[in-house]
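Undergrad: So here's protein_18.txt, just compact mmCIF, C-alpha atoms:
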# COMPACT_ATOMS: atom_id res chain seq x y z
CA MET A 1 -132.99 21.72 -47.23
CA GLY A 2 -132.33 19.40 -50.17
CA LEU A 3 -128.70 19.09 -49.10
CA LEU A 4 -129.75 18.13 -45.56
CA LEU A 5 -132.15 15.50 -46.86
CA GLU A 6 -129.51 14.06 -49.13
CA LEU A 7 -126.99 13.98 -46.28
CA GLN A 8 -129.50 12.18 -44.08
CA LYS A 9 -129.90 9.52 -46.78
CA ARG A 10 -126.17 8.95 -47.12
CA ILE A 11 -125.02 9.33 -43.51
CA PRO A 12 -126.14 6.83 -40.84
CA ASP A 13 -128.93 8.22 -38.66
CA GLY A 14 -126.97 7.61 -35.48
CA TRP A 15 -124.18 9.84 -36.71
CA PHE A 16 -126.38 12.45 -38.36
CA LEU A 17 -129.11 12.86 -35.74
CA ARG A 18 -127.14 12.15 -32.56
CA ARG A 19 -123.85 13.79 -33.45
CA LEU A 20 -123.78 16.15 -36.42
CA LEU A 21 -127.04 18.04 -35.85
CA PRO A 22 -126.44 18.59 -32.09
CA ALA A 23 -122.89 19.69 -32.91
CA VAL A 24 -124.17 22.26 -35.40
CA LEU A 25 -126.72 23.49 -32.86
CA LEU A 26 -124.04 23.76 -30.18
CA VAL A 27 -121.75 25.79 -32.44
CA VAL A 28 -124.59 28.12 -33.45
CA VAL A 29 -125.71 28.60 -29.84
CA ALA A 30 -122.13 29.28 -28.77
CA ALA A 31 -121.61 31.81 -31.58
CA VAL A 32 -124.89 33.68 -31.10
CA GLY A 33 -125.11 33.28 -27.32
CA GLY A 34 -121.55 34.51 -26.91
CA ARG A 35 -122.56 37.68 -28.74
CA LEU A 36 -125.69 38.19 -26.62
CA GLY A 37 -124.23 37.43 -23.20
CA HIS A 38 -126.21 37.36 -19.95
CA ARG A 39 -127.27 40.99 -20.06
CA HIS A 40 -128.94 40.81 -23.49
CA TRP A 41 -129.87 37.13 -23.40
CA ALA A 42 -133.29 37.72 -25.04
CA ASP A 43 -132.35 40.52 -27.43
CA ARG A 44 -133.70 39.22 -30.73
CA GLY A 45 -132.48 42.25 -32.62
CA LEU A 46 -128.91 41.67 -31.48
CA ALA A 47 -129.26 37.98 -32.34
CA ARG A 48 -130.40 38.86 -35.87
CA GLU A 49 -127.47 41.21 -36.22
CA ALA A 50 -125.08 38.48 -35.11
CA VAL A 51 -126.48 36.06 -37.68
CA ALA A 52 -126.59 38.73 -40.39
CA GLY A 53 -122.99 39.60 -39.66
CA VAL A 54 -122.00 36.08 -40.63
CA LEU A 55 -124.43 35.59 -43.52
CA ARG A 56 -124.08 38.92 -45.29
CA PHE A 57 -124.06 38.98 -49.08
CA ASP A 58 -122.50 41.68 -51.29
CA GLY A 59 -123.36 40.46 -54.75
CA GLY A 60 -121.54 37.27 -53.80
CA LEU A 61 -120.39 35.59 -50.65
CA ALA A 62 -117.73 37.77 -49.03
CA SER A 63 -114.40 36.13 -48.34
CA ASP A 64 -114.55 36.86 -44.61
CA THR A 65 -118.07 35.41 -44.47
CA ALA A 66 -116.89 32.27 -46.22
CA ALA A 67 -114.03 31.99 -43.75
CA VAL A 68 -116.37 32.30 -40.77
CA LEU A 69 -118.76 29.70 -42.20
CA ALA A 70 -115.84 27.38 -42.85
CA LEU A 71 -114.63 27.76 -39.27
CA LEU A 72 -118.13 27.07 -37.91
CA ALA A 73 -118.43 23.99 -40.13
CA VAL A 74 -115.03 22.70 -39.02
CA ALA A 75 -115.95 23.27 -35.36
CA ALA A 76 -119.25 21.39 -35.76
CA VAL A 77 -117.66 18.43 -37.57
CA ALA A 78 -114.82 18.30 -35.04
CA ALA A 79 -117.31 18.25 -32.16
CA ALA A 80 -119.26 15.44 -33.88
CA PHE A 81 -116.11 13.35 -34.34
CA LEU A 82 -114.85 13.98 -30.79
CA LEU A 83 -118.20 13.03 -29.25
CA PRO A 84 -117.64 9.21 -29.31
CA PHE A 85 -114.39 9.59 -27.36
CA ALA A 86 -116.03 11.77 -24.71
CA ALA A 87 -119.06 9.46 -24.59
CA GLY A 88 -116.73 6.48 -24.19
CA ALA A 89 -115.15 8.15 -21.17
CA VAL A 90 -118.60 8.82 -19.71
CA GLY A 91 -119.60 5.21 -20.35
CA ALA A 92 -116.47 3.95 -18.59
CA LEU A 93 -117.15 6.15 -15.56
CA ALA A 94 -120.80 5.04 -15.47
CA ALA A 95 -119.68 1.40 -15.59
CA GLY A 96 -117.33 1.98 -12.64
CA ALA A 97 -114.08 1.69 -14.64
CA TRP A 98 -112.49 4.76 -13.09
CA PRO A 99 -108.84 5.68 -13.82
CA TRP A 100 -106.32 5.50 -11.02
CA TRP A 101 -106.18 9.27 -10.56
CA LEU A 102 -109.91 9.32 -9.79
CA THR A 103 -109.71 6.43 -7.32
CA PRO A 104 -109.89 8.66 -4.19
CA LEU A 105 -113.04 10.34 -5.51
CA GLY A 106 -114.53 6.97 -6.41
CA GLU A 107 -113.85 5.61 -2.93
CA ARG A 108 -115.53 8.62 -1.33
CA LEU A 109 -118.57 8.22 -3.56
CA THR A 110 -118.73 4.50 -2.75
CA ARG A 111 -118.67 5.19 1.00
CA ARG A 112 -121.33 7.88 0.60
CA ARG A 113 -123.58 5.54 -1.39
CA ALA A 114 -123.07 2.78 1.20
CA ARG A 115 -124.10 5.13 4.03
CA ARG A 116 -127.26 6.18 2.19
CA TRP A 117 -128.18 2.65 1.09
CA ALA A 118 -131.15 0.89 2.67
CA PRO A 119 -132.50 -2.60 1.89
CA PRO A 120 -135.61 -2.63 -0.34
CA ALA A 121 -137.59 -4.26 2.47
CA GLU A 122 -136.79 -1.36 4.81
CA ILE A 123 -137.77 1.16 2.14
CA ALA A 124 -141.06 -0.70 1.67
CA ARG A 125 -141.74 -0.50 5.42
CA GLN A 126 -141.05 3.23 5.36
CA ALA A 127 -143.47 3.61 2.45
CA VAL A 128 -146.17 1.75 4.37
CA ARG A 129 -145.68 3.95 7.43
CA ALA A 130 -145.74 7.11 5.27
CA ARG A 131 -148.95 6.00 3.57
CA ALA A 132 -150.54 5.18 6.93
CA ALA A 133 -149.66 8.69 8.11
CA GLY A 134 -151.33 10.20 5.06
CA ARG A 135 -148.09 11.27 3.35
CA GLU A 136 -148.92 10.01 -0.09
CA LEU A 137 -146.21 11.94 -1.93
CA ARG A 138 -143.48 10.59 0.33
CA ALA A 139 -144.92 7.09 0.03
CA ALA A 140 -144.91 7.34 -3.78
CA ARG A 141 -141.30 8.57 -3.75
CA LEU A 142 -140.29 5.67 -1.49
CA ASP A 143 -142.07 3.19 -3.76
CA ALA A 144 -140.12 4.53 -6.74
CA LEU A 145 -136.91 4.36 -4.72
CA ARG A 146 -137.60 0.77 -3.69
CA ALA A 147 -138.23 -0.24 -7.31
CA ARG A 148 -134.72 0.78 -8.34
CA ALA A 149 -132.91 0.00 -5.08
CA SER A 150 -130.21 -2.63 -5.09
CA PRO A 151 -130.76 -5.66 -2.83
CA THR A 152 -127.11 -5.52 -1.76
CA ALA A 153 -124.97 -2.69 -0.43
CA PRO A 154 -123.16 -0.61 -3.07
CA THR A 155 -119.66 -1.76 -3.95
CA GLY A 156 -118.76 0.95 -6.47
CA PRO A 157 -119.14 4.67 -7.06
CA THR A 158 -122.08 4.38 -9.48
CA TRP A 159 -125.41 2.58 -9.60
CA SER A 160 -124.74 1.55 -13.20
CA GLY A 161 -121.44 -0.06 -12.27
CA ASP A 162 -123.05 -2.07 -9.46
CA ARG A 163 -125.83 -3.21 -11.78
CA LEU A 164 -123.37 -4.29 -14.48
CA ARG A 165 -121.14 -6.13 -12.00
CA ALA A 166 -124.12 -7.99 -10.57
CA ALA A 167 -125.11 -9.10 -14.07
CA GLU A 168 -121.54 -10.15 -14.80
CA GLU A 169 -121.46 -12.30 -11.67
CA ARG A 170 -124.71 -14.00 -12.64
CA ILE A 171 -123.43 -14.65 -16.16
CA ARG A 172 -120.19 -16.06 -14.78
CA ALA A 173 -122.15 -18.33 -12.45
CA THR A 174 -124.32 -19.49 -15.36
CA THR A 175 -121.66 -20.03 -18.01
CA GLY A 176 -118.57 -20.57 -15.86
CA ALA A 177 -116.67 -18.34 -18.29
CA ASP A 178 -115.17 -14.90 -18.07
CA VAL A 179 -117.60 -12.14 -18.94
CA ALA A 180 -115.56 -10.98 -21.95
CA GLU A 181 -115.50 -14.55 -23.28
CA ALA A 182 -119.20 -14.95 -22.66
CA TRP A 183 -119.95 -11.70 -24.46
CA THR A 184 -117.82 -12.72 -27.45
CA GLY A 185 -119.61 -16.05 -27.54
CA LEU A 186 -122.95 -14.28 -27.50
CA LEU A 187 -122.06 -12.11 -30.46
CA LEU A 188 -120.65 -15.01 -32.47
CA GLY A 189 -123.11 -17.74 -31.60
CA ALA A 190 -126.38 -15.94 -30.95
CA SER A 191 -129.20 -15.81 -33.44
CA ASP A 192 -129.83 -12.78 -35.58
CA ALA A 193 -132.70 -11.69 -33.34
CA SER A 194 -130.52 -11.96 -30.23
CA ARG A 195 -127.68 -10.03 -31.85
CA GLU A 196 -130.08 -7.32 -32.93
CA ALA A 197 -131.47 -7.07 -29.40
CA LEU A 198 -127.98 -6.85 -27.90
CA SER A 199 -126.93 -4.25 -30.45
CA ALA A 200 -130.07 -2.20 -29.78
CA VAL A 201 -129.59 -2.07 -26.01
CA ARG A 202 -125.89 -1.30 -26.40
CA ASP A 203 -126.77 1.49 -28.83
CA SER A 204 -129.21 2.88 -26.26
CA TYR A 205 -126.41 2.90 -23.69
CA ASP A 206 -124.10 4.75 -26.10
CA ALA A 207 -126.85 7.23 -27.00
CA ALA A 208 -127.45 8.02 -23.32
CA CYS A 209 -123.73 8.61 -22.76
CA GLU A 210 -123.63 10.91 -25.79
CA GLY A 211 -126.63 12.78 -24.42
CA LEU A 212 -124.78 13.38 -21.16
CA VAL A 213 -121.84 14.79 -23.10
CA TRP A 214 -124.11 17.18 -25.00
CA GLY A 215 -125.74 18.22 -21.73
CA VAL A 216 -122.36 19.12 -20.25
CA ALA A 217 -121.34 20.94 -23.45
CA PHE A 218 -124.48 23.11 -23.50
CA ALA A 219 -124.11 23.75 -19.76
CA VAL A 220 -120.57 25.03 -20.35
CA VAL A 221 -121.82 27.40 -23.05
CA GLY A 222 -124.25 28.60 -20.40
CA LEU A 223 -121.34 30.35 -18.69
CA TRP A 224 -121.70 33.00 -21.42
CA TRP A 225 -125.42 32.69 -22.23
CA TRP A 226 -127.50 31.26 -19.38
CA PRO A 227 -130.43 29.77 -21.43
CA SER A 228 -127.93 27.27 -22.83
CA ALA A 229 -127.25 26.10 -19.27
CA VAL A 230 -130.96 25.41 -18.77
CA VAL A 231 -131.01 23.34 -21.96
CA GLY A 232 -127.87 21.50 -20.88
CA ILE A 233 -129.31 20.66 -17.47
CA LEU A 234 -132.55 19.36 -18.98
CA VAL A 235 -130.69 17.28 -21.57
CA GLY A 236 -128.40 15.94 -18.85
CA LEU A 237 -131.29 14.91 -16.58
CA VAL A 238 -133.14 13.16 -19.39
CA SER A 239 -129.95 11.42 -20.52
CA TRP A 240 -129.18 10.33 -16.96
CA ARG A 241 -132.57 8.67 -16.67
CA SER A 242 -132.09 7.13 -20.11
CA LEU A 243 -128.70 5.79 -19.03
CA ARG A 244 -130.19 3.99 -16.05
CA ARG A 245 -132.91 2.46 -18.22
CA ALA A 246 -130.31 1.49 -20.83
CA VAL A 247 -128.11 -0.21 -18.22
CA ASP A 248 -131.07 -2.13 -16.85
CA SER A 249 -132.14 -3.19 -20.36
CA LEU A 250 -128.57 -4.16 -21.26
CA CYS A 251 -128.26 -6.39 -18.21
CA ARG A 252 -131.67 -8.00 -18.64
CA THR A 253 -131.22 -8.59 -22.36
CA THR A 254 -127.74 -10.06 -21.96
CA GLU A 255 -128.87 -12.41 -19.19
CA ALA A 256 -131.90 -13.44 -21.25
CA VAL A 257 -129.74 -14.23 -24.28
CA VAL A 258 -127.33 -16.22 -22.08
CA ALA A 259 -130.23 -18.18 -20.61
CA LEU A 260 -131.64 -18.80 -24.09
CA ARG A 261 -128.30 -20.07 -25.36
CA GLN A 262 -127.93 -22.34 -22.33
CA THR A 263 -131.37 -23.76 -23.02
CA ASP A 264 -130.74 -24.27 -26.74
CA SER A 265 -127.24 -25.71 -26.30
CA PRO A 266 -127.18 -29.53 -26.46
CA PRO A 267 -126.05 -31.24 -23.25
CA SER A 268 -122.42 -32.27 -23.19
CA PRO A 269 -121.87 -36.06 -23.36
I need this file expressed as structure tokens, please.
TA:
Amino acid sequence: MGLLLELQKRIPDGWFLRRLLPAVLLVVVAAVGGRLGHRHWADRGLAREAVAGVLRFDGGLASDTAAVLALLAVAAVAAAFLLPFAAGAVGALAAGAWPWWLTPLGERLTRRRARRWAPPAEIARQAVRARAAGRELRAARLDALRARASPTAPTGPTWSGDRLRAAEERIRATTGADVAEAWTGLLLGASDASREALSAVRDSYDAACEGLVWGVAFAVVGLWWWPSAVVGILVGLVSWRSLRRAVDSLCRTTEAVVALRQTDSPPSP
């Protein structure tokens, strides 16, 4: 316990809490769950035997036990270091930056989203009709759908990508500069409070992408031990909702900082 507390002091919380600890948990679940399997998924005795088989002491730590612990530690650290790369890929897909070999799938998803899209005004009318018919649950669902519906038809395979592109277009119209240039200008010229706000919302976006990666990883382990799949699905759903909120916050915060900079900037002579 003292070692863990000391590590938490010396390692940044984002790395320790979001990467290392979930990686250790994943490795332990994979090791124990793989021993239990689907048939004996709740066999606590077998689980204790699996843990005792790794942590057995014979006057001193056995060499094979030390080797197993070393392999588990290496696997956990490797998973923690690989997480940012996998999360970066998830973030790129969520933002609509799909590689060329996924273009056909992206086009199909875009067409499907366009067919299912309805203007917010139409969704509001459907909610009113549902509420008039006494279908309160459907009306509440339609109200929630209208609140997050896009006013324009989808142009990409993901909601997040459409939201980010819309914000980029508004920033370009406001600043007249390329989005990358505008973002660089924000980071260099914004106040400390603005930079902290931008860093916080970007960190929330990265954390949601990492959560999706962990959800997929635990779901894969569920192929051998099904409770892990349940955990993975729950983590994935929560992370998906967090990703949408993070994208919305990122867009709103960036546009607010741009507007603030435009207001504070002196007029050109």
Undergrad: Nearest residue to A:Arg141 out of A:Ala124, A:Pro154, A:Ala200, A:Trp224, using all atoms listed in the file?
TA: A:Ala124
Undergrad: If you take every atom of stretch 244-259 of chain A that the file lists and fit an axis-aligned box around them with 6 Å extra on each side, what centre and edge lengths come out in Å to one decimal, as AutoDock Vina command-line options?
TA:
--center_x -130.1 --center_y -7.1 --center_z -20.2 --size_x 17.6 --size_y 34.2 --size_z 20.2
Undergrad: Would you list the contacts of A:Leu109 as an MDAnalysis selection string, taking every protein, DNA or RNA residue within 12 Å and counting only C-alpha atoms, but skipping same-chain residues closer than 4 positions in sequence?
TA: chainID A and resid 96 98 102:105 113:116 154:159
Undergrad: Identify, on the basis of only C-alpha atoms, every residue whose closest approach to A:Pro119 does not exceed 9 Å; exclude the query and any residue fewer than 4 positions from it along the same chain; express the result as a PyMOL selection string.
TA: chain A and resi 123-124+146+149-153
Undergrad: For A:Ala166, which residue out of A:Val235, A:Cys251, A:Ala147, A:Leu198 is the nearest one, using all atoms listed in the file?
TA: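 Among A:Val235, A:Cys251, A:Ala147, A:Leu198, it is A:Cys251 that comes nearest to A:Ala166.
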Undergrad: I'd like to know which of A:Glu255, A:Phe16, A:Pro22, A:Ala30 is closest to A:Pro227, using all atoms listed in the file.
TA: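 Smallest distance to A:Pro227 is found for A:Ala30.
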Undergrad: Would you mind reading off the distance between atom CA of A:Ala217 and atom CA of A:Ala92, one decimal, in Å?
TA: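 If I compute the distance from atom CA of A:Ala217 to atom CA of A:Ala92, I get 18.3 Å.
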Undergrad: Per residue of stretch 121-222 of chain A within 12 Å of stretch 72-79 of chain A, what are the shortest atom pair and its distance in Å to one decimal, counting only C-alpha atoms, with rows by chain and residue number, as a tab-separated table?
TA:
residue	atom	partner	partner_atom	distance
A:Glu210	CA	A:Ala79	CA	11.6
A:Val213	CA	A:Ala79	CA	10.7
A:Trp214	CA	A:Ala79	CA	9.9
A:Ala217	CA	A:Ala79	CA	10.0
Undergrad: Please indicate the distance in Å from atom CA of A:Ala130 to atom CA of A:Arg241, rounded to one decimal place.
TA: 25.6 Å
Undergrad: In Å, with one decimal, what is the gap from atom CA of A:Arg112 to atom CA of A:Ala246?
TA: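 Atom CA of A:Ala246 lies at a distance of 24.1 Å from atom CA of A:Arg112.
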Undergrad: Identify which of the residues A:Glu168, A:Ala47, A:Phe218, A:Ala173 lies closest to A:Leu250, counting all atoms listed in the file when measuring atom-to-atom distances.
TA: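 Under the stated criterion, the closest residue is A:Glu168.
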Undergrad: Within 8 Å of A:Ala139, counting all atoms listed in the file, which residues qualify if same-chain residues fewer than 6 places away don't, as a ChimeraX atom specification?
TA: /A:126-128,130-131
Undergrad: Keeping only C-alpha atoms, write the selected residues to a file as a JSON list (two decimals), in the frame of the given file.
TA:
[["chain", "number", "residue", "atom", "x", "y", "z"],
["A", 126, "GLN", "CA", -141.05, 3.23, 5.36],
["A", 127, "ALA", "CA", -143.47, 3.61, 2.45],
["A", 128, "VAL", "CA", -146.17, 1.75, 4.37],
["A", 130, "ALA", "CA", -145.74, 7.11, 5.27],
["A", 131, "ARG", "CA", -148.95, 6.00, 3.57]]
Undergrad: So that I can check the surroundings of A:Leu237, please list as a PyMOL selection string every protein, DNA and RNA residue that reaches within 12 Å of it, counting all atoms listed in the file and ignoring chain neighbours fewer than 2 positions away.
TA: chain A and resi 208-209+211-216+219+230-235+239-244
Undergrad: Quick one: of A:Ala66, A:Val221, A:Leu25, A:Ala207, who's nearest to A:Pro84, counting only C-alpha atoms?
TA: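 Among the listed residues, the smallest separation from A:Pro84 belongs to A:Ala207.
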Undergrad: Measuring between only C-alpha atoms, which one of A:Ala197, A:Leu223, A:Ala121, A:Leu93 shows the shortest distance to A:Ala256?
TA: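 When distances to A:Ala256 are compared using only C-alpha atoms, the smallest one comes from A:Ala197.
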